[in-house]
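J.: My file is protein-v5.pdb. It has PDB, C-alpha atoms and all ligand atoms:
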ATOM      1  CA  MET R   1      98.465 100.909 138.043  1.00  0.00           C
ATOM      2  CA  ALA R   2     100.623 103.702 136.757  1.00  0.00           C
ATOM      3  CA  THR R   3      99.424 105.520 133.713  1.00  0.00           C
ATOM      4  CA  VAL R   4     101.977 105.470 130.961  1.00  0.00           C
ATOM      5  CA  VAL R   5     102.002 108.709 129.073  1.00  0.00           C
ATOM      6  CA  ARG R   6     102.174 107.809 125.452  1.00  0.00           C
ATOM      7  CA  LYS R   7     104.242 109.774 123.016  1.00  0.00           C
ATOM      8  CA  TYR R   8     103.243 110.468 119.491  1.00  0.00           C
ATOM      9  CA  ILE R   9     104.695 111.583 116.212  1.00  0.00           C
ATOM     10  CA  ASP R  10     102.415 112.985 113.558  1.00  0.00           C
ATOM     11  CA  CYS R  11     104.008 112.751 110.142  1.00  0.00           C
ATOM     12  CA  ARG R  12     101.816 115.579 108.862  1.00  0.00           C
ATOM     13  CA  GLU R  13     103.878 117.925 111.042  1.00  0.00           C
ATOM     14  CA  PHE R  14     106.968 117.146 109.014  1.00  0.00           C
ATOM     15  CA  PRO R  15     107.637 118.881 105.751  1.00  0.00           C
ATOM     16  CA  SER R  16     107.433 116.043 103.284  1.00  0.00           C
ATOM     17  CA  GLU R  17     107.286 115.593  99.563  1.00  0.00           C
ATOM     18  CA  ILE R  18     105.024 112.557  99.781  1.00  0.00           C
ATOM     19  CA  ASP R  19     102.165 114.044 101.793  1.00  0.00           C
ATOM     20  CA  CYS R  20     102.361 111.428 104.526  1.00  0.00           C
ATOM     21  CA  SER R  21      99.654 111.293 107.196  1.00  0.00           C
ATOM     22  CA  LEU R  22     101.035 108.547 109.407  1.00  0.00           C
ATOM     23  CA  TYR R  23     100.455 108.896 113.132  1.00  0.00           C
ATOM     24  CA  ILE R  24     102.474 106.757 115.540  1.00  0.00           C
ATOM     25  CA  SER R  25     101.815 106.607 119.255  1.00  0.00           C
ATOM     26  CA  GLY R  26     103.053 104.456 122.118  1.00  0.00           C
ATOM     27  CA  THR R  27     105.875 104.526 124.601  1.00  0.00           C
ATOM     28  CA  GLN R  28     108.913 106.539 123.604  1.00  0.00           C
ATOM     29  CA  ASP R  29     110.846 103.390 122.699  1.00  0.00           C
ATOM     30  CA  GLU R  30     107.977 102.036 120.591  1.00  0.00           C
ATOM     31  CA  VAL R  31     107.456 105.285 118.754  1.00  0.00           C
ATOM     32  CA  LEU R  32     111.175 105.686 118.153  1.00  0.00           C
ATOM     33  CA  ALA R  33     111.513 102.156 116.764  1.00  0.00           C
ATOM     34  CA  CYS R  34     108.525 102.495 114.429  1.00  0.00           C
ATOM     35  CA  ALA R  35     109.316 106.041 113.367  1.00  0.00           C
ATOM     36  CA  THR R  36     112.904 105.118 112.566  1.00  0.00           C
ATOM     37  CA  GLN R  37     111.792 102.259 110.311  1.00  0.00           C
ATOM     38  CA  HIS R  38     109.173 104.480 108.710  1.00  0.00           C
ATOM     39  CA  ALA R  39     111.583 107.362 108.127  1.00  0.00           C
ATOM     40  CA  ILE R  40     114.059 105.034 106.451  1.00  0.00           C
ATOM     41  CA  SER R  41     111.664 102.949 104.361  1.00  0.00           C
ATOM     42  CA  THR R  42     109.173 105.628 103.389  1.00  0.00           C
ATOM     43  CA  HIS R  43     111.033 108.926 103.645  1.00  0.00           C
ATOM     44  CA  LYS R  44     114.383 107.622 102.454  1.00  0.00           C
ATOM     45  CA  HIS R  45     116.272 108.890 105.467  1.00  0.00           C
ATOM     46  CA  GLU R  46     119.594 107.376 106.450  1.00  0.00           C
ATOM     47  CA  MET R  47     119.969 105.662 109.793  1.00  0.00           C
ATOM     48  CA  SER R  48     122.004 108.158 111.827  1.00  0.00           C
ATOM     49  CA  PRO R  49     122.258 109.705 115.285  1.00  0.00           C
ATOM     50  CA  GLU R  50     120.844 112.885 113.738  1.00  0.00           C
ATOM     51  CA  LEU R  51     117.726 111.038 112.601  1.00  0.00           C
ATOM     52  CA  THR R  52     117.204 109.653 116.095  1.00  0.00           C
ATOM     53  CA  GLU R  53     117.635 113.138 117.517  1.00  0.00           C
ATOM     54  CA  GLN R  54     115.145 114.622 115.067  1.00  0.00           C
ATOM     55  CA  LEU R  55     112.572 111.969 115.873  1.00  0.00           C
ATOM     56  CA  LEU R  56     113.019 112.400 119.619  1.00  0.00           C
ATOM     57  CA  ALA R  57     112.679 116.166 119.215  1.00  0.00           C
ATOM     58  CA  ALA R  58     109.489 115.744 117.202  1.00  0.00           C
ATOM     59  CA  MET R  59     107.888 113.428 119.745  1.00  0.00           C
ATOM     60  CA  LYS R  60     105.191 114.939 121.925  1.00  0.00           C
ATOM     61  CA  ASP R  61     103.191 113.768 124.914  1.00  0.00           C
ATOM     62  CA  GLU R  62      99.834 112.471 123.878  1.00  0.00           C
ATOM     63  CA  PRO R  63      97.081 114.372 125.674  1.00  0.00           C
ATOM     64  CA  LEU R  64      95.817 112.380 128.656  1.00  0.00           C
ATOM     65  CA  GLY R  65      92.541 110.657 128.027  1.00  0.00           C
ATOM     66  CA  ALA R  66      92.847 110.879 124.271  1.00  0.00           C
ATOM     67  CA  ARG R  67      90.845 108.233 122.490  1.00  0.00           C
ATOM     68  CA  LEU R  68      91.821 107.806 118.922  1.00  0.00           C
TER      69      LEU R  68
HETATM   70 ZN    ZN X   1     105.705 109.568 107.076  1.00  0.00          ZN
END
As structure tokens, what does this structure read like?
Ligand SMILES: [Zn+2]

T.:
Amino acid sequence: MATVVRKYIDCREFPSEIDCSLYISGTQDEVLACATQHAISTHKHEMSPELTEQLLAAMKDEPLGARL
């Protein structure tokens, strides 16, 4: 069984006025879908190609073997 490397976005790494500590991890598609909804609903971002780009750029590989 292939090991899927999960991606993560840690909201604490974003400058934010609301002191958000959300952490999203999963496959790239899952993280992107959740992070997009979160950015729009919580951080008042507009849905845009730039937002998608920012989120993809902020995504990192989760360290292998991480247990959260
Ligand atoms: Zn957030």

J.: Could you list the residues chosen by the PyMOL selection byres (((chain R and resi 41-46) around 12) and not hetatm) in this structure as a list of chain:residue names?

T.: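 Here the PyMOL selection byres (((chain R and resi 41-46) around 12) and not hetatm) matches R:Cys11, R:Phe14, R:Pro15, R:Ser16, R:Glu17, R:Ile18, R:Asp19, R:Cys20, R:Ser21, R:Leu22, R:Cys34, R:Ala35, R:Thr36, R:Gln37, R:His38, R:Ala39, R:Ile40, R:Met47, R:Ser48, R:Pro49, R:Glu50, R:Leu51, R:Thr52, R:Gln54, R:Leu55.
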
J.: Taking all listed atoms of segment 47-60 of chain R, build the axis-aligned box, pad each of the six sides by 5 Å, then write its centre and edge lengths in Å to one decimal as JSON.

T.:
{"center_x": 113.7, "center_y": 110.9, "center_z": 115.9, "size_x": 27.1, "size_y": 20.5, "size_z": 22.1}

J.: Ranking R:Leu56, R:Leu64, R:Leu32, R:Ile9 by minimum distance to ligand ZN 1 (chain X) and counting all atoms listed in the file, which one comes first?

T.: R:Ile9

J.: Name the residues that the PyMOL selection byres (((chain R and resi 25) around 9) and not hetatm) picks from the file above, as number ranges by chain, using the file's chain letters and numbers.

T.: R: 6-10, 23-24, 26-28, 30-31, 62

J.: Measuring between only C-alpha atoms and all ligand atoms, which one of R:Glu13, R:Glu53, R:Ala33, R:Asp61 shows the shortest distance to ligand ZN 1 (chain X)?

T.: R:Glu13
